[in-house]
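Visitor: Please find start_5.txt (compact mmCIF, C-alpha atoms) on the next line:
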```txt
# COMPACT_ATOMS: atom_id res chain seq x y z
CA MET A 1 -21.72 7.89 -2.89
CA LYS A 2 -19.20 5.35 -1.55
CA VAL A 3 -15.88 7.06 -0.88
CA LEU A 4 -12.42 6.02 0.23
CA ALA A 5 -10.45 8.96 1.66
CA LEU A 6 -6.78 8.88 2.59
CA ASP A 7 -4.21 11.32 3.94
CA THR A 8 -0.51 10.49 4.14
CA SER A 9 0.74 14.03 3.60
CA ASN A 10 2.45 14.32 7.00
CA GLN A 11 3.33 12.11 9.97
CA THR A 12 -0.32 11.29 10.67
CA LEU A 13 -1.87 8.62 8.46
CA SER A 14 -5.65 8.75 8.19
CA VAL A 15 -8.08 6.58 6.21
CA ALA A 16 -11.88 6.68 6.06
CA VAL A 17 -14.58 4.81 4.20
CA MET A 18 -17.81 6.75 3.84
CA SER A 19 -21.25 6.45 2.33
CA ASP A 20 -22.21 10.03 1.59
CA ASP A 21 -21.66 11.74 4.98
CA GLN A 22 -22.01 8.52 6.98
CA VAL A 23 -18.68 7.23 8.31
CA LEU A 24 -18.50 3.46 7.82
CA ALA A 25 -14.93 3.03 9.07
CA THR A 26 -11.99 5.25 9.92
CA THR A 27 -8.47 4.80 11.26
CA THR A 28 -5.94 7.49 12.19
CA VAL A 29 -2.37 6.65 13.20
CA THR A 30 -0.08 9.35 14.60
CA THR A 31 2.99 7.39 15.71
CA THR A 32 4.69 6.32 12.49
CA ARG A 33 6.02 7.70 9.23
CA LYS A 34 6.10 4.27 7.58
CA HIS A 35 3.06 5.06 5.48
CA GLY A 36 4.25 2.87 2.62
CA ALA A 37 4.08 -0.18 4.89
CA HIS A 38 0.85 0.62 6.72
CA LEU A 39 -1.43 2.34 4.20
CA LEU A 40 -2.65 -0.65 2.16
CA PRO A 41 -3.30 -2.91 5.17
CA ILE A 42 -5.30 -0.11 6.83
CA ILE A 43 -7.30 0.44 3.63
CA LYS A 44 -8.01 -3.31 3.41
CA GLU A 45 -9.10 -3.49 7.05
CA SER A 46 -11.27 -0.37 6.72
CA MET A 47 -13.03 -1.78 3.67
CA GLN A 48 -13.68 -5.04 5.51
CA ILE A 49 -15.12 -3.19 8.52
CA ALA A 50 -17.33 -1.16 6.17
CA LYS A 51 -18.42 -4.40 4.48
CA LEU A 52 -17.56 -3.03 1.08
CA LYS A 53 -15.64 -4.44 -1.85
CA PRO A 54 -13.35 -2.27 -3.98
CA ALA A 55 -15.87 -2.46 -6.81
CA ASP A 56 -18.44 -0.77 -4.53
CA LEU A 57 -16.44 2.47 -4.41
CA ASP A 58 -17.48 5.48 -6.49
CA ARG A 59 -14.67 7.87 -5.62
CA VAL A 60 -11.26 8.04 -3.97
CA VAL A 61 -10.23 11.27 -2.24
CA VAL A 62 -6.62 12.05 -1.39
CA ALA A 63 -4.81 14.86 0.40
CA ASP A 64 -2.74 16.26 -2.46
CA GLY A 65 -0.48 18.64 -0.54
CA PRO A 66 1.36 20.44 0.65
CA GLY A 67 3.31 18.20 3.01
CA SER A 68 6.05 15.59 3.05
CA TYR A 69 7.36 14.73 -0.42
CA THR A 70 7.48 11.03 0.38
CA GLY A 71 4.12 11.00 2.14
CA LEU A 72 2.41 12.83 -0.70
CA ARG A 73 3.87 10.48 -3.30
CA ILE A 74 2.65 7.44 -1.36
CA GLY A 75 -0.88 8.77 -0.97
CA VAL A 76 -1.30 10.17 -4.45
CA THR A 77 0.21 7.12 -6.16
CA THR A 78 -2.09 4.81 -4.18
CA ALA A 79 -5.14 6.94 -4.96
CA LYS A 80 -4.30 7.15 -8.66
CA THR A 81 -3.73 3.41 -8.88
CA LEU A 82 -7.07 2.66 -7.22
CA ALA A 83 -8.96 5.19 -9.34
CA ASP A 84 -7.42 3.90 -12.56
CA THR A 85 -7.76 0.21 -11.72
CA LEU A 86 -11.36 0.52 -10.51
CA SER A 87 -12.36 3.14 -13.12
CA ILE A 88 -13.69 5.46 -10.42
CA GLU A 89 -13.43 9.19 -9.75
CA LEU A 90 -10.39 10.82 -8.15
CA VAL A 91 -10.42 14.04 -6.13
CA GLY A 92 -7.48 15.90 -4.61
CA VAL A 93 -8.06 18.07 -1.53
CA SER A 94 -5.68 20.52 0.11
CA SER A 95 -3.94 19.01 3.13
CA LEU A 96 -4.25 22.42 4.81
CA GLY A 97 -7.89 22.85 3.89
CA ALA A 98 -8.76 19.43 5.28
CA ILE A 99 -7.41 20.45 8.70
CA ALA A 100 -9.22 23.80 8.51
CA ALA A 101 -12.42 21.77 8.07
CA ASN A 102 -11.99 20.53 11.67
CA ILE A 103 -13.39 23.93 12.70
CA MET A 104 -17.13 24.18 12.12
CA ALA A 105 -17.97 27.66 13.49
CA GLU A 106 -19.64 29.62 10.70
CA ASN A 107 -17.62 32.55 9.28
CA GLN A 108 -14.60 31.69 11.43
CA LEU A 109 -11.15 32.44 10.01
CA VAL A 110 -8.78 29.47 10.25
CA ALA A 111 -5.06 29.55 9.49
CA VAL A 112 -3.27 26.23 9.06
CA MET A 113 0.49 25.86 8.83
CA PHE A 114 3.04 23.07 8.51
CA ASP A 115 6.66 23.61 9.46
CA GLY A 116 8.63 23.99 6.21
CA ARG A 117 12.03 24.20 7.97
CA ASN A 118 14.40 27.16 8.16
CA ASP A 119 11.58 29.32 9.56
CA ASN A 120 9.43 28.71 6.49
CA VAL A 121 5.90 27.34 6.54
CA PHE A 122 3.39 25.76 4.23
CA ALA A 123 0.30 27.75 5.07
CA GLY A 124 -3.20 28.71 4.01
CA VAL A 125 -5.98 30.78 5.55
CA TYR A 126 -9.63 29.83 5.20
CA ARG A 127 -13.06 31.11 6.19
CA ILE A 128 -15.69 28.58 7.19
CA GLN A 129 -18.77 29.15 5.06
CA ASN A 130 -21.72 26.75 5.07
CA GLY A 131 -19.54 24.27 6.92
CA MET A 132 -16.80 24.35 4.27
CA PRO A 133 -13.36 26.02 4.29
CA VAL A 134 -13.11 28.72 1.61
CA SER A 135 -9.65 30.03 0.77
CA VAL A 136 -8.83 33.56 1.95
CA ILE A 137 -5.03 33.40 1.62
CA GLU A 138 -4.03 30.71 -0.85
CA ASP A 139 -1.88 27.75 0.13
CA GLN A 140 1.78 28.68 -0.20
CA HIS A 141 5.33 28.00 0.95
CA ILE A 142 6.46 31.23 2.62
CA PRO A 143 8.79 32.57 5.31
CA PHE A 144 6.84 32.76 8.56
CA GLU A 145 7.79 36.41 9.04
CA LYS A 146 6.12 37.25 5.71
CA LEU A 147 3.00 35.26 6.48
CA LEU A 148 2.45 36.82 9.89
CA PRO A 149 1.66 40.36 8.61
CA GLN A 150 -0.82 38.88 6.11
CA ILE A 151 -2.74 37.18 8.91
CA LYS A 152 -2.52 40.22 11.17
CA ALA A 153 -3.87 42.46 8.39
CA LEU A 154 -7.12 40.47 8.37
CA ALA A 155 -7.78 42.19 11.72
CA GLU A 156 -10.18 39.64 13.16
CA PRO A 157 -10.08 36.59 15.39
CA VAL A 158 -8.36 33.62 13.76
CA VAL A 159 -8.01 30.00 14.80
CA VAL A 160 -4.46 28.83 14.12
CA LEU A 161 -3.85 25.10 13.65
CA GLY A 162 -0.95 22.91 12.59
CA ASP A 163 2.73 22.65 13.50
CA LEU A 164 2.93 25.60 15.86
CA ASP A 165 5.73 24.79 18.34
CA ALA A 166 8.29 27.04 16.64
CA PHE A 167 5.82 29.88 16.06
CA LYS A 168 3.52 30.11 19.11
CA GLU A 169 5.22 33.00 20.85
CA ARG A 170 5.43 35.15 17.73
CA LEU A 171 1.79 34.40 16.93
CA LYS A 172 0.79 35.51 20.43
CA THR A 173 2.84 38.71 20.16
CA ALA A 174 1.55 39.66 16.70
CA LEU A 175 -2.11 38.64 16.92
CA GLU A 176 -2.70 39.28 20.63
CA ALA A 177 -6.39 38.88 21.45
CA ASN A 178 -7.19 37.85 17.87
CA LEU A 179 -5.30 34.56 18.29
CA ILE A 180 -7.59 31.61 19.04
CA GLN A 181 -5.91 28.39 20.12
CA TYR A 182 -7.69 25.04 20.16
CA PRO A 183 -6.67 21.63 21.55
CA ILE A 184 -3.89 19.94 19.60
CA GLU A 185 -6.14 17.15 18.35
CA LEU A 186 -7.90 19.64 16.06
CA SER A 187 -4.58 20.10 14.26
CA LEU A 188 -4.57 16.45 13.22
CA PRO A 189 -5.72 15.55 9.73
CA SER A 190 -8.95 13.58 9.54
CA ALA A 191 -9.79 11.45 6.53
CA VAL A 192 -13.44 11.92 7.48
CA GLN A 193 -13.15 15.67 6.88
CA LEU A 194 -11.14 14.95 3.74
CA GLY A 195 -13.88 12.67 2.45
CA ARG A 196 -16.55 15.22 3.30
CA LEU A 197 -14.74 17.91 1.32
CA GLY A 198 -13.90 15.55 -1.52
CA GLN A 199 -17.53 14.65 -2.09
CA ARG A 200 -18.25 18.32 -2.76
CA GLN A 201 -15.47 18.90 -5.28
CA ALA A 202 -15.34 18.02 -8.95
CA PRO A 203 -13.17 15.00 -9.79
CA VAL A 204 -9.99 15.42 -11.81
CA SER A 205 -10.42 15.17 -15.55
CA ASP A 206 -7.30 13.05 -16.14
CA VAL A 207 -6.23 10.59 -13.45
CA THR A 208 -2.88 9.78 -15.07
CA SER A 209 -1.66 13.39 -15.09
CA PHE A 210 -2.71 14.13 -11.50
CA VAL A 211 0.26 15.11 -9.30
CA PRO A 212 0.72 16.37 -5.73
CA ARG A 213 0.87 20.09 -4.93
CA TYR A 214 4.32 20.31 -3.37
CA LEU A 215 4.32 24.16 -3.44
CA ARG A 216 8.11 24.23 -3.53
CA LEU A 217 10.81 22.68 -5.65
CA THR A 218 12.30 19.34 -4.73
CA LYS A 219 16.03 19.45 -3.94
CA ALA A 220 16.75 17.79 -7.30
CA GLU A 221 14.80 20.48 -9.14
CA ALA A 222 16.41 23.31 -7.18
CA ASP A 223 19.90 21.93 -7.86
CA TRP A 224 19.10 21.45 -11.55
CA GLN A 225 17.79 25.01 -11.90
CA LYS A 226 20.96 26.40 -10.32
CA GLN A 227 23.01 24.51 -12.89
CA HIS A 228 20.70 25.38 -15.82
CA PRO A 229 19.31 28.87 -15.05
CA LYS A 230 18.27 29.61 -18.65
CA GLU A 231 16.49 26.34 -19.36
CA ASP A 232 12.85 25.42 -18.85
CA SER A 233 12.67 23.06 -15.87
CA SER A 234 8.88 22.84 -15.63
CA HIS A 235 8.90 19.13 -16.46
CA TYR A 236 12.32 18.18 -15.15
CA VAL A 237 11.06 15.97 -12.34
CA GLU A 238 8.07 13.71 -12.84
CA LYS A 239 6.33 14.05 -9.48
CA VAL A 240 4.57 10.72 -9.32
```
Represent the structure of the file as structure tokens.
Guide:
Amino acid sequence: MKVLALDTSNQTLSVAVMSDDQVLATTTVTTTRKHGAHLLPIIKESMQIAKLKPADLDRVVVADGPGSYTGLRIGVTTAKTLADTLSIELVGVSSLGAIAANIMAENQLVAVMFDGRNDNVFAGVYRIQNGMPVSVIEDQHIPFEKLLPQIKALAEPVVVLGDLDAFKERLKTALEANLIQYPIELSLPSAVQLGRLGQRQAPVSDVTSFVPRYLRLTKAEADWQKQHPKEDSSHYVEKV
């Protein structure tokens, strides 16, 4: 299976072209948020390095959230456009789960969190089983102080990855010896891991209706709900 995988869900931009589990080309950029300007040129270059044409692809895999609203829209819109134009399969993979996949130790618990501002986090907890992250605590947007007891209650060693600067000391205090910290590079998203996971998931049934998993309301939605508390807002904002 020839796969194009892309992750623009946060500051890091990562693209990979794969043939089954063989990596043909990959690029990861950590120094820019201008994903809209850089994504397509990186995809084009990666395809050239892999010596593939767009028509050779069987599947496109995209990190579908949570993460930056703008980043997710860029990635998902690009993936949908490619899948629709080329008539190929589309798969969405959790941005958190893709980072958890950086840990390969069998049966290891892995918590991944992104800073959601105001002491909130986007977070999920996974167990590595047969080399794949399996959800233990589902991806969610949650106050950090509510997430911490959930992780502590698991009562076993846990690798914690992600945006940890604001939370390190509280993690150390709460988890004590059960906190496992790895080098920061393992907190970076990898389109290679994304592609590996995406080859093992079923493709979406309807490309046109596929949307990111923001896991919280946009500001426009939140403001609209405050002004219209009795009305159904489920389709107020078209995500992509």
Visitor: Considering only C-alpha atoms, can you say which of A:Ala79, A:Val23, A:Ile74, A:Ala55 comes closest to Val207 (chain A)?
Guide: A:Ala79
Visitor: How close does region 143-228 of chain A get to region 15-22 of chain A? List, as a Markdown table, each residue of region 143-228 of chain A within 7 Å, its nearest atom pair and the distance in Å to one decimal, counting all atoms listed in the file.
Guide:
```
| residue | atom | partner | partner_atom | distance |
| --- | --- | --- | --- | --- |
| A:Ala191 | CA | A:Val15 | CA | 5.2 |
| A:Val192 | CA | A:Ala16 | CA | 5.6 |
| A:Arg196 | CA | A:Asp21 | CA | 6.4 |
```
Visitor: Any chance you can output those residues with C-alpha atoms as a short mmCIF file (atom, residue, chain, number, x, y, z; two decimals), in the coordinates of the input?
Guide:
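The new file out_26.cif reads:
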```cif
data_model
loop_
_atom_site.label_atom_id
_atom_site.label_comp_id
_atom_site.auth_asym_id
_atom_site.auth_seq_id
_atom_site.Cartn_x
_atom_site.Cartn_y
_atom_site.Cartn_z
CA ALA A 191 -9.79 11.45 6.53
CA VAL A 192 -13.44 11.92 7.48
CA ARG A 196 -16.55 15.22 3.30
#
```
Visitor: Please indicate the distance in Å from CA of Asn107 (chain A) to CA of Gln129 (chain A), rounded to one decimal place.
Guide: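 Computed distance, CA of Asn107 (chain A) to CA of Gln129 (chain A), equals 5.5 Å.
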Visitor: One number please: CA of Tyr126 (chain A) to CA of Thr77 (chain A), in Å, one decimal.
Guide: 27.2 Å
Visitor: Kindly indicate which residue among A:Ile142, A:Val204, A:Val136, A:Leu109 lies nearest to Ile180 (chain A), using all atoms listed in the file for the distances.
Guide: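 The answer is A:Leu109, which sits nearest to Ile180 (chain A).
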Visitor: List as a list of chain:residue names: which residues have an atom within 10 Å of (-3.8, 27.4, 15.3), counting all atoms listed in the file?
Guide: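 So the residues meeting the distance criterion are A:Ala100, A:Val110, A:Ala111, A:Val112, A:Met113, A:Val158, A:Val159, A:Val160, A:Leu161, A:Gly162, A:Asp163, A:Leu164, A:Phe167, A:Lys168, A:Leu171, A:Leu179, A:Ile180, A:Gln181, A:Tyr182, A:Pro183, A:Ile184, A:Leu186, A:Ser187.
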Visitor: For Val134 (chain A), please output as a PDB file with C-alpha atoms, keeping the file's coordinate frame all residues within 9 Å (counting all atoms listed in the file; exclusion window: fewer than 6 positions along the same chain).
Guide:
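As a result, part-v3.pdb now contains:
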```
ATOM      1  CA  GLY A  97      -7.890  22.850   3.890  1.00  0.00           C
ATOM      2  CA  VAL A 125      -5.980  30.780   5.550  1.00  0.00           C
ATOM      3  CA  TYR A 126      -9.630  29.830   5.200  1.00  0.00           C
ATOM      4  CA  ARG A 127     -13.060  31.110   6.190  1.00  0.00           C
ATOM      5  CA  ILE A 128     -15.690  28.580   7.190  1.00  0.00           C
TER       6      ILE A 128
END
```
Visitor: So, counting only C-alpha atoms, which residue among A:Val61, A:Thr32, A:Glu138, A:Leu4 is closest to Lys44 (chain A)?
Guide: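 Checking each of A:Val61, A:Thr32, A:Glu138, A:Leu4 against Lys44 (chain A), counting only C-alpha atoms, the winner is A:Leu4.
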Visitor: Given the choices A:Pro229, A:Pro203, A:Gly67, A:Gly75, which gets closest to Ser95 (chain A) if the distance is worked out from all atoms listed in the file?
Guide: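 Checking each candidate against Ser95 (chain A), we get A:Gly67 as the closest.
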